[in-house]
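Dropping query16.cif in here (mmCIF, C-alpha atoms):
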data_data
loop_
_atom_site.group_PDB
_atom_site.id
_atom_site.type_symbol
_atom_site.label_atom_id
_atom_site.label_comp_id
_atom_site.auth_asym_id
_atom_site.auth_seq_id
_atom_site.Cartn_x
_atom_site.Cartn_y
_atom_site.Cartn_z
ATOM 1 C CA MET A 1 -147.604 -168.806 42.382
ATOM 2 C CA SER A 2 -148.537 -169.049 38.735
ATOM 3 C CA ALA A 3 -149.391 -172.175 36.795
ATOM 4 C CA HIS A 4 -146.484 -174.068 35.378
ATOM 5 C CA PRO A 5 -145.275 -172.947 31.936
ATOM 6 C CA SER A 6 -147.070 -174.179 28.834
ATOM 7 C CA TRP A 7 -145.594 -177.096 26.960
ATOM 8 C CA ILE A 8 -145.731 -178.057 23.319
ATOM 9 C CA MET A 9 -146.414 -181.406 21.721
ATOM 10 C CA VAL A 10 -143.934 -182.484 19.090
ATOM 11 C CA THR A 11 -144.828 -185.268 16.668
ATOM 12 C CA ARG A 12 -141.865 -186.630 14.759
ATOM 13 C CA ILE A 13 -142.495 -189.014 11.832
ATOM 14 C CA THR A 14 -139.569 -190.825 10.274
ATOM 15 C CA THR A 15 -139.852 -192.736 7.005
ATOM 16 C CA GLY A 16 -136.580 -194.106 5.704
ATOM 17 C CA ASN A 17 -134.109 -191.238 5.912
ATOM 18 C CA ALA A 18 -136.739 -188.486 5.938
ATOM 19 C CA THR A 19 -138.025 -186.880 9.139
ATOM 20 C CA VAL A 20 -141.027 -184.563 9.492
ATOM 21 C CA THR A 21 -141.672 -182.712 12.769
ATOM 22 C CA THR A 22 -145.070 -181.222 13.680
ATOM 23 C CA VAL A 23 -145.531 -178.838 16.618
ATOM 24 C CA ILE A 24 -148.850 -178.470 18.443
ATOM 25 C CA PRO A 25 -149.430 -176.096 21.425
ATOM 26 C CA GLY A 26 -149.836 -177.884 24.749
ATOM 27 C CA LYS A 27 -152.205 -177.273 27.634
ATOM 28 C CA GLY A 28 -149.842 -176.437 30.515
ATOM 29 C CA LEU A 29 -148.657 -179.758 31.873
ATOM 30 C CA LYS A 30 -146.796 -179.697 35.170
ATOM 31 C CA ASP A 31 -143.079 -180.396 35.216
ATOM 32 C CA HIS A 32 -143.462 -183.670 37.088
ATOM 33 C CA ALA A 33 -145.861 -184.885 34.379
ATOM 34 C CA ARG A 34 -143.249 -184.418 31.662
ATOM 35 C CA VAL A 35 -142.122 -187.628 29.980
ATOM 36 C CA PRO A 36 -139.667 -187.878 27.087
ATOM 37 C CA LEU A 37 -141.829 -190.198 25.020
ATOM 38 C CA THR A 38 -145.588 -190.583 25.334
ATOM 39 C CA ARG A 39 -146.466 -192.705 22.329
ATOM 40 C CA GLN A 40 -144.628 -194.703 19.734
ATOM 41 C CA THR A 41 -146.170 -196.782 16.983
ATOM 42 C CA GLN A 42 -144.616 -198.550 14.063
ATOM 43 C CA LYS A 43 -146.258 -199.285 10.731
ATOM 44 C CA GLY A 44 -144.060 -200.755 8.026
ATOM 45 C CA HIS A 45 -140.979 -198.554 7.748
ATOM 46 C CA GLU A 46 -142.669 -195.620 9.444
ATOM 47 C CA THR A 47 -141.895 -194.711 13.055
ATOM 48 C CA ARG A 48 -144.066 -192.157 14.871
ATOM 49 C CA GLU A 49 -142.916 -190.551 18.112
ATOM 50 C CA THR A 50 -144.797 -188.043 20.221
ATOM 51 C CA MET A 51 -142.893 -186.189 22.930
ATOM 52 C CA GLN A 52 -143.346 -183.168 25.135
ATOM 53 C CA CYS A 53 -140.729 -180.443 25.469
ATOM 54 C CA PRO A 54 -140.856 -177.120 27.332
ATOM 55 C CA CYS A 55 -140.042 -174.754 24.490
ATOM 56 C CA LEU A 56 -139.550 -174.496 20.756
ATOM 57 C CA PRO A 57 -135.990 -173.198 20.171
ATOM 58 C CA GLN A 58 -135.787 -170.784 17.270
ATOM 59 C CA PRO A 59 -132.711 -169.092 15.772
ATOM 60 C CA PHE A 60 -132.057 -165.642 17.188
ATOM 61 C CA THR A 61 -131.026 -164.440 13.731
ATOM 62 C CA GLY A 62 -129.273 -165.759 10.609
ATOM 63 C CA GLY A 63 -126.498 -168.231 11.356
ATOM 64 C CA PHE A 64 -127.673 -169.085 14.878
ATOM 65 C CA VAL A 65 -128.257 -172.691 15.961
ATOM 66 C CA GLU A 66 -129.867 -174.233 19.018
ATOM 67 C CA GLU A 67 -127.674 -174.522 22.101
ATOM 68 C CA CYS A 68 -128.152 -177.032 24.927
ATOM 69 C CA TRP A 69 -127.770 -175.972 28.550
ATOM 70 C CA GLU A 70 -129.953 -175.486 31.610
ATOM 71 C CA TRP A 71 -129.726 -174.145 35.153
ATOM 72 C CA ASP A 72 -127.063 -175.866 37.223
ATOM 73 C CA ILE A 73 -128.371 -177.805 40.216
ATOM 74 C CA ASN A 74 -124.846 -177.726 41.672
ATOM 75 C CA ALA A 75 -124.351 -173.969 41.266
ATOM 76 C CA LYS A 76 -127.225 -172.263 43.037
ATOM 77 C CA SER A 77 -128.327 -170.657 46.265
ATOM 78 C CA PRO A 78 -130.033 -172.880 48.890
ATOM 79 C CA ALA A 79 -133.044 -170.601 48.408
ATOM 80 C CA VAL A 80 -133.398 -171.701 44.771
ATOM 81 C CA GLN A 81 -135.417 -174.685 43.542
ATOM 82 C CA LEU A 82 -135.321 -176.027 39.989
ATOM 83 C CA SER A 83 -137.951 -177.853 37.968
ATOM 84 C CA PRO A 84 -137.137 -181.438 36.895
ATOM 85 C CA CYS A 85 -136.139 -180.206 33.433
ATOM 86 C CA ARG A 86 -133.946 -177.511 35.094
ATOM 87 C CA ARG A 87 -135.328 -174.765 32.901
ATOM 88 C CA ALA A 88 -137.703 -173.217 35.414
ATOM 89 C CA VAL A 89 -136.260 -171.679 38.579
ATOM 90 C CA TYR A 90 -138.192 -170.803 41.742
ATOM 91 C CA PHE A 91 -136.803 -168.412 44.372
ATOM 92 C CA HIS A 92 -137.624 -168.254 48.092
ATOM 93 C CA ILE A 93 -140.603 -170.623 48.058
ATOM 94 C CA ASP A 94 -140.394 -171.735 51.710
ATOM 95 C CA PRO A 95 -143.841 -170.844 53.154
ATOM 96 C CA ILE A 96 -142.339 -170.157 56.577
ATOM 97 C CA LEU A 97 -139.074 -168.383 55.809
ATOM 98 C CA GLN A 98 -140.257 -166.548 52.674
ATOM 99 C CA SER A 99 -137.307 -164.432 51.467
ATOM 100 C CA GLU A 100 -134.385 -164.012 53.843
ATOM 101 C CA ALA A 101 -131.852 -162.590 51.410
ATOM 102 C CA THR A 102 -130.599 -162.661 47.809
ATOM 103 C CA ALA A 103 -130.359 -165.851 45.746
ATOM 104 C CA GLY A 104 -128.964 -166.750 42.330
ATOM 105 C CA VAL A 105 -128.383 -169.689 40.011
ATOM 106 C CA ARG A 106 -125.848 -170.222 37.235
ATOM 107 C CA GLY A 107 -126.202 -171.913 33.851
ATOM 108 C CA THR A 108 -124.422 -175.204 33.214
ATOM 109 C CA LYS A 109 -122.426 -173.831 30.278
ATOM 110 C CA GLY A 110 -119.854 -171.049 30.272
ATOM 111 C CA PHE A 111 -118.920 -169.165 27.098
ATOM 112 C CA VAL A 112 -115.499 -167.991 25.907
ATOM 113 C CA HIS A 113 -116.065 -167.962 22.126
ATOM 114 C CA GLY A 114 -118.803 -166.979 19.704
ATOM 115 C CA GLU A 115 -122.085 -165.130 20.128
ATOM 116 C CA HIS A 116 -124.779 -166.493 22.434
ATOM 117 C CA TYR A 117 -128.415 -165.524 22.865
ATOM 118 C CA TRP A 118 -130.869 -166.780 25.470
ATOM 119 C CA GLU A 119 -134.232 -165.695 26.852
ATOM 120 C CA VAL A 120 -135.706 -165.664 30.352
ATOM 121 C CA LYS A 121 -139.457 -165.342 30.876
ATOM 122 C CA PHE A 122 -140.890 -163.799 34.066
ATOM 123 C CA LEU A 123 -143.686 -166.185 35.070
ATOM 124 C CA GLU A 124 -144.648 -163.801 37.875
ATOM 125 C CA ALA A 125 -144.615 -160.010 37.856
ATOM 126 C CA PRO A 126 -141.263 -158.908 39.366
ATOM 127 C CA TYR A 127 -141.250 -156.958 42.609
ATOM 128 C CA GLY A 128 -139.047 -156.255 45.617
ATOM 129 C CA THR A 129 -135.492 -154.993 45.804
ATOM 130 C CA SER A 130 -134.118 -156.918 42.841
ATOM 131 C CA VAL A 131 -134.844 -159.511 40.160
ATOM 132 C CA MET A 132 -131.974 -159.732 37.663
ATOM 133 C CA VAL A 133 -130.860 -161.393 34.428
ATOM 134 C CA GLY A 134 -127.280 -161.450 33.175
ATOM 135 C CA ALA A 135 -124.026 -163.377 33.225
ATOM 136 C CA GLY A 136 -120.909 -163.878 35.298
ATOM 137 C CA THR A 137 -117.836 -165.951 35.985
ATOM 138 C CA LYS A 138 -117.718 -168.999 38.254
ATOM 139 C CA GLN A 139 -116.514 -166.632 40.978
ATOM 140 C CA ALA A 140 -119.736 -164.612 40.863
ATOM 141 C CA CYS A 141 -121.680 -164.655 44.132
ATOM 142 C CA LEU A 142 -124.860 -166.763 44.094
ATOM 143 C CA HIS A 143 -126.083 -166.285 47.668
ATOM 144 C CA LEU A 144 -126.191 -163.626 50.362
ATOM 145 C CA GLY A 145 -127.880 -164.418 53.673
ATOM 146 C CA ASN A 146 -128.729 -162.591 56.882
ATOM 147 C CA TYR A 147 -131.442 -160.449 55.271
ATOM 148 C CA THR A 148 -129.086 -158.887 52.762
ATOM 149 C CA PHE A 149 -131.182 -157.675 49.837
ATOM 150 C CA VAL A 150 -129.036 -156.376 46.987
ATOM 151 C CA ASN A 151 -128.589 -156.335 43.220
ATOM 152 C CA LEU A 152 -126.534 -159.514 43.123
ATOM 153 C CA LEU A 153 -125.461 -159.414 39.476
ATOM 154 C CA GLY A 154 -122.908 -156.668 39.057
ATOM 155 C CA MET A 155 -122.239 -156.204 42.754
ATOM 156 C CA ASP A 156 -118.568 -156.769 41.865
ATOM 157 C CA SER A 157 -116.363 -157.293 38.794
ATOM 158 C CA GLU A 158 -117.378 -160.970 38.444
ATOM 159 C CA SER A 159 -120.833 -160.403 36.955
ATOM 160 C CA TRP A 160 -122.983 -158.168 34.752
ATOM 161 C CA GLY A 161 -126.731 -157.798 35.160
ATOM 162 C CA LEU A 162 -129.998 -156.034 34.319
ATOM 163 C CA SER A 163 -132.539 -155.325 37.050
ATOM 164 C CA TYR A 164 -136.280 -155.256 36.384
ATOM 165 C CA ARG A 165 -136.090 -151.664 37.650
ATOM 166 C CA GLY A 166 -134.298 -150.732 34.425
ATOM 167 C CA THR A 167 -130.760 -150.338 35.742
ATOM 168 C CA ILE A 168 -127.651 -152.271 34.716
ATOM 169 C CA TRP A 169 -124.942 -153.222 37.206
ATOM 170 C CA HIS A 170 -121.243 -154.108 37.055
ATOM 171 C CA GLY A 171 -118.370 -153.568 39.462
ATOM 172 C CA GLY A 172 -120.718 -152.304 42.154
ATOM 173 C CA LEU A 173 -121.881 -149.416 39.946
ATOM 174 C CA SER A 174 -125.283 -148.915 38.330
ATOM 175 C CA LYS A 175 -126.596 -146.913 35.390
ATOM 176 C CA ARG A 176 -130.040 -146.231 33.994
ATOM 177 C CA TYR A 177 -130.469 -148.400 30.899
ATOM 178 C CA THR A 178 -134.162 -148.780 30.113
ATOM 179 C CA GLU A 179 -137.632 -148.270 31.534
ATOM 180 C CA PRO A 180 -138.614 -150.576 34.421
ATOM 181 C CA PHE A 181 -140.676 -153.627 33.532
ATOM 182 C CA TYR A 182 -143.317 -154.848 35.959
ATOM 183 C CA ASP A 183 -145.450 -157.131 33.812
ATOM 184 C CA GLU A 184 -145.927 -160.849 34.188
ATOM 185 C CA ALA A 185 -144.780 -162.817 31.113
ATOM 186 C CA THR A 186 -142.099 -160.257 30.195
ATOM 187 C CA ILE A 187 -139.337 -161.945 28.185
ATOM 188 C CA ILE A 188 -135.793 -160.651 28.555
ATOM 189 C CA GLY A 189 -133.265 -161.761 25.935
ATOM 190 C CA VAL A 190 -129.514 -161.641 26.523
ATOM 191 C CA ASP A 191 -127.115 -161.272 23.589
ATOM 192 C CA LEU A 192 -123.545 -162.052 24.677
ATOM 193 C CA ASN A 193 -121.267 -161.304 21.732
ATOM 194 C CA LEU A 194 -117.742 -162.435 22.547
ATOM 195 C CA TYR A 195 -116.448 -161.376 19.126
ATOM 196 C CA GLU A 196 -117.298 -157.763 19.950
ATOM 197 C CA GLY A 197 -117.060 -158.147 23.732
ATOM 198 C CA THR A 198 -120.566 -156.771 24.235
ATOM 199 C CA MET A 199 -123.733 -157.684 26.096
ATOM 200 C CA ALA A 200 -127.092 -156.360 24.950
ATOM 201 C CA PHE A 201 -130.578 -157.022 26.270
ATOM 202 C CA TYR A 202 -133.909 -157.490 24.496
ATOM 203 C CA LYS A 203 -137.364 -156.932 25.981
ATOM 204 C CA ASN A 204 -140.143 -158.916 24.335
ATOM 205 C CA GLY A 205 -138.102 -159.056 21.136
ATOM 206 C CA HIS A 206 -137.155 -155.358 21.131
ATOM 207 C CA ASN A 207 -133.442 -154.531 21.136
ATOM 208 C CA LEU A 208 -132.612 -152.281 24.117
ATOM 209 C CA GLY A 209 -129.065 -151.632 22.905
ATOM 210 C CA VAL A 210 -125.580 -152.468 24.172
ATOM 211 C CA ALA A 211 -125.388 -152.515 27.959
ATOM 212 C CA PHE A 212 -121.784 -153.611 28.568
ATOM 213 C CA THR A 213 -118.512 -153.735 26.648
ATOM 214 C CA GLY A 214 -115.143 -155.418 27.217
ATOM 215 C CA LEU A 215 -116.522 -158.840 28.145
ATOM 216 C CA ASN A 216 -114.124 -160.552 25.726
ATOM 217 C CA LYS A 217 -111.337 -159.460 28.068
ATOM 218 C CA ALA A 218 -112.712 -161.469 30.996
ATOM 219 C CA GLY A 219 -110.328 -164.330 30.174
ATOM 220 C CA VAL A 220 -112.609 -166.960 31.722
ATOM 221 C CA PRO A 221 -115.945 -168.572 30.759
ATOM 222 C CA LEU A 222 -119.045 -166.436 31.321
ATOM 223 C CA HIS A 223 -122.167 -168.247 32.508
ATOM 224 C CA PRO A 224 -125.812 -167.124 32.314
ATOM 225 C CA ILE A 225 -127.100 -166.152 35.779
ATOM 226 C CA VAL A 226 -130.418 -165.025 37.233
ATOM 227 C CA SER A 227 -131.073 -163.755 40.761
ATOM 228 C CA SER A 228 -133.882 -162.503 42.984
ATOM 229 C CA THR A 229 -134.613 -161.116 46.428
ATOM 230 C CA ALA A 230 -138.389 -161.562 46.128
ATOM 231 C CA ALA A 231 -140.395 -164.462 47.514
ATOM 232 C CA GLU A 232 -141.946 -166.841 44.960
ATOM 233 C CA THR A 233 -140.137 -165.377 41.961
ATOM 234 C CA GLU A 234 -140.515 -167.738 38.990
ATOM 235 C CA LEU A 235 -138.322 -167.530 35.883
ATOM 236 C CA GLN A 236 -138.427 -169.807 32.851
ATOM 237 C CA LEU A 237 -135.477 -170.412 30.521
ATOM 238 C CA GLY A 238 -136.525 -170.253 26.874
ATOM 239 C CA VAL A 239 -134.604 -169.963 23.615
ATOM 240 C CA ARG A 240 -130.880 -170.783 23.775
ATOM 241 C CA SER A 241 -128.869 -170.283 20.614
ATOM 242 C CA CYS A 242 -125.360 -169.507 19.422
ATOM 243 C CA ARG A 243 -123.404 -168.430 16.358
ATOM 244 C CA PHE A 244 -119.799 -169.193 15.404
ATOM 245 C CA ILE A 245 -118.079 -167.454 12.488
ATOM 246 C CA SER A 246 -115.162 -169.743 11.645
ATOM 247 C CA LEU A 247 -115.425 -173.329 10.411
ATOM 248 C CA ARG A 248 -113.020 -174.384 13.167
ATOM 249 C CA GLU A 249 -115.329 -172.988 15.868
ATOM 250 C CA GLN A 250 -118.364 -174.587 14.267
ATOM 251 C CA CYS A 251 -116.669 -177.997 14.200
ATOM 252 C CA LEU A 252 -115.490 -177.788 17.812
ATOM 253 C CA HIS A 253 -118.930 -176.680 18.958
ATOM 254 C CA THR A 254 -120.634 -179.537 17.081
ATOM 255 C CA VAL A 255 -118.377 -182.138 18.714
ATOM 256 C CA LEU A 256 -118.927 -180.700 22.210
ATOM 257 C CA GLN A 257 -122.712 -180.619 21.718
ATOM 258 C CA HIS A 258 -122.619 -184.434 21.489
ATOM 259 C CA LEU A 259 -120.592 -184.911 24.691
ATOM 260 C CA ILE A 260 -122.224 -185.220 28.094
ATOM 261 C CA ASP A 261 -119.171 -183.675 29.753
ATOM 262 C CA LYS A 262 -115.731 -182.449 28.739
ATOM 263 C CA VAL A 263 -114.175 -185.195 30.858
ATOM 264 C CA HIS A 264 -114.941 -187.540 27.950
ATOM 265 C CA ILE A 265 -112.808 -185.610 25.453
ATOM 266 C CA ASP A 266 -109.779 -187.855 25.978
ATOM 267 C CA THR A 267 -111.823 -190.896 24.918
ATOM 268 C CA LEU A 268 -112.411 -189.443 21.436
ATOM 269 C CA PRO A 269 -110.409 -190.982 18.548
ATOM 270 C CA LEU A 270 -108.963 -187.598 17.570
ATOM 271 C CA PRO A 271 -105.418 -186.197 17.313
ATOM 272 C CA GLY A 272 -104.072 -184.829 20.570
ATOM 273 C CA PHE A 273 -103.950 -181.203 19.385
ATOM 274 C CA ILE A 274 -107.643 -181.308 18.451
ATOM 275 C CA ARG A 275 -108.551 -182.765 21.846
ATOM 276 C CA GLY A 276 -106.583 -179.907 23.380
ATOM 277 C CA GLN A 277 -108.583 -177.355 21.400
ATOM 278 C CA LEU A 278 -111.823 -178.994 22.535
ATOM 279 C CA LYS A 279 -110.775 -178.660 26.180
ATOM 280 C CA GLU A 280 -109.992 -174.982 25.733
ATOM 281 C CA PHE A 281 -113.112 -174.162 23.715
#

Turn this file's structure into structure tokens for me.
Amino acid sequence: MSAHPSWIMVTRITTGNATVTTVIPGKGLKDHARVPLTRQTQKGHETRETMQCPCLPQPFTGGFVEECWEWDINAKSPAVQLSPCRRAVYFHIDPILQSEATAGVRGTKGFVHGEHYWEVKFLEAPYGTSVMVGAGTKQACLHLGNYTFVNLLGMDSESWGLSYRGTIWHGGLSKRYTEPFYDEATIIGVDLNLYEGTMAFYKNGHNLGVAFTGLNKAGVPLHPIVSSTAAETELQLGVRSCRFISLREQCLHTVLQHLIDKVHIDTLPLPGFIRGQLKEF
């Protein structure tokens, strides 16, 4: 297995109402060594904080903002392990059982509006029957046992996925989409555009083109998903960003970004019709 992903050191200096953030490359700290705050000093009105975080989110393109979600510890195969920050995912790491089948994990956030872009880095070179990146509904399968090795994403109408072998899958059907990618550190970006109803993939920043259409007709939230059949597969979640066109969508998104869970919507001092829109967003 490879070393844990590199981290960055962020120094944030606040003086009065002004904040300056400095980013310095880290040296590959392990997940269990991560702490939210490593040093804090105060001098007069100046506050200095130094913290470690696993990635530096950057806008996908103009109008995109950072989005907060991670892999869902409650929506995964038993053969999947997550790092403490829930951004790194490890498949089939049992030294005795190795890989017995196909495993997947879903993101904590599902999307029904806007355009969303996220990246997944292959910390190990992909191999075996299938390693996939894509999205699906809450009904999408996340585990197959009994030595069933398949392309999990796209095996039915509940998910859409790209295999490292260069094929895309949906509804049990596959199609050649791009050249296979076998390299360690490959970064696959997913652009889910729910205005256009399309999903496109990027490889190391290069646009591979539209892979799927009609996703805006799903009628239910679509969650990021990754899957693998191969022992000791390691994938790292990177950039997560989104774009909303209308002011209404931007406002609803901003409110939800500050809530731990949608169950707290009814506690907000907002008109009932706005709370209803937040629940449906």

Query raised in the report: So which one's closest to Pro84 in chain A, A:Leu97, A:Asp72, A:Thr148, A:Gln257? Using all atoms listed in the file, please.
Result: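 Closest to Pro84 in chain A of all the choices is A:Asp72.
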
**Report entry** Near-Thr129 in chain A list (8 Å; only C-alpha atoms; drop same-chain fewer than 3 positions) as a list in words
**Finding:** Phe149, Val150, Asn151, Thr229 and Ala230 of chain A

Query raised in the report: How many Å lie between CA of Cys251 in chain A and CA of Leu278 in chain A, rounded to one decimal?
Result: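 We find that CA of Cys251 in chain A and CA of Leu278 in chain A lie 9.7 Å from each other.
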
Report task. Write out as a ChimeraX atom specification each polymer residue whose atoms come within 7 Å of range 235-249 of chain A, counting only C-alpha atoms; drop sequence neighbours fewer than 3 positions from it. Result -> /A:55,57-60,63-68,87-90,114-123,252-253

Requested in this report: List every protein, DNA or RNA residue with an atom no more than 12 Å from (-127.0, -157.4, 40.2) in the file's coordinates, counting all atoms listed in the file, and format the result as a PyMOL selection string.
Outcome: chain A and resi 102-104+129-136+140-144+149-175+225-229

Size and centre in Å, one decimal, axis-aligned box, all listed range 110-114 of chain A atoms plus 8 Å per side, as AutoDock Vina command-line options:
--center_x -117.7 --center_y -169.0 --center_z 25.0 --size_x 20.4 --size_y 20.1 --size_z 26.6

Query raised in the report: Which residue, A:Arg106, A:Lys279, A:Lys138, A:Arg176, has the smallest gap to Pro224 in chain A when you use only C-alpha atoms?
Result: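 Using only C-alpha atoms, Pro224 in chain A sits closest to A:Arg106.
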
Query raised in the report: Between CA of Asp183 in chain A and CA of Pro126 in chain A, what is the spacing in Å?
Result: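 About the pair CA of Pro126 in chain A and CA of Asp183 in chain A: they are 7.2 Å apart.
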
**Report entry** Spatial neighbours of Glu100 in chain A, max dist 7 Å, only C-alpha atoms, sep filter under 4 positions, as a PyMOL selection string
**Finding:** chain A and resi 145-147

Query raised in the report: Quick one: distance from CA of Glu232 in chain A to CA of Phe91 in chain A in Å, one decimal?
Result: 5.4 Å

Could you build a table of the residues in range 139-194 of chain A lying no more than 8 Å from range 205-211 of chain A, giving for each the nearest pair of atoms and their separation in Å rounded to one decimal place, using all atoms listed in the file, ordered by chain and ascending residue number, as a Markdown table?
| residue | atom | partner | partner_atom | distance |
| --- | --- | --- | --- | --- |
| A:Ile168 | CA | A:Ala211 | CA | 7.1 |
| A:Tyr177 | CA | A:Ala211 | CA | 7.2 |
| A:Thr178 | CA | A:Leu208 | CA | 7.1 |
| A:Ile187 | CA | A:Gly205 | CA | 7.7 |
| A:Ile188 | CA | A:Gly205 | CA | 7.9 |
| A:Gly189 | CA | A:Gly205 | CA | 7.3 |

Explicit residues for the PyMOL selection byres ((chain A and resi 73) around 10) (as a short mmCIF file (atom, residue, chain, number, x, y, z; two decimals) with C-alpha atoms, in the coordinates of the input):
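Result file result.cif:
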data_model
loop_
_atom_site.label_atom_id
_atom_site.label_comp_id
_atom_site.auth_asym_id
_atom_site.auth_seq_id
_atom_site.Cartn_x
_atom_site.Cartn_y
_atom_site.Cartn_z
CA GLU A 70 -129.95 -175.49 31.61
CA TRP A 71 -129.73 -174.14 35.15
CA ASP A 72 -127.06 -175.87 37.22
CA ASN A 74 -124.85 -177.73 41.67
CA ALA A 75 -124.35 -173.97 41.27
CA LYS A 76 -127.22 -172.26 43.04
CA SER A 77 -128.33 -170.66 46.26
CA VAL A 80 -133.40 -171.70 44.77
CA GLN A 81 -135.42 -174.68 43.54
CA LEU A 82 -135.32 -176.03 39.99
CA SER A 83 -137.95 -177.85 37.97
CA ARG A 86 -133.95 -177.51 35.09
CA VAL A 105 -128.38 -169.69 40.01
CA ARG A 106 -125.85 -170.22 37.24
CA GLY A 107 -126.20 -171.91 33.85
CA THR A 108 -124.42 -175.20 33.21
#

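Candidate residues A:Ile260, A:Ala79, A:Val255, A:Leu194 were compared for distance to Leu215 in chain A, and the nearest is A:Leu194, using only C-alpha atoms.
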
Report task. Give me the residues within 7 Å of Phe111 in chain A as a list in words, counting all atoms listed in the file and dropping any in the same chain fewer than 5 places off. Result -> Pro221, Leu222 and His223 of chain A
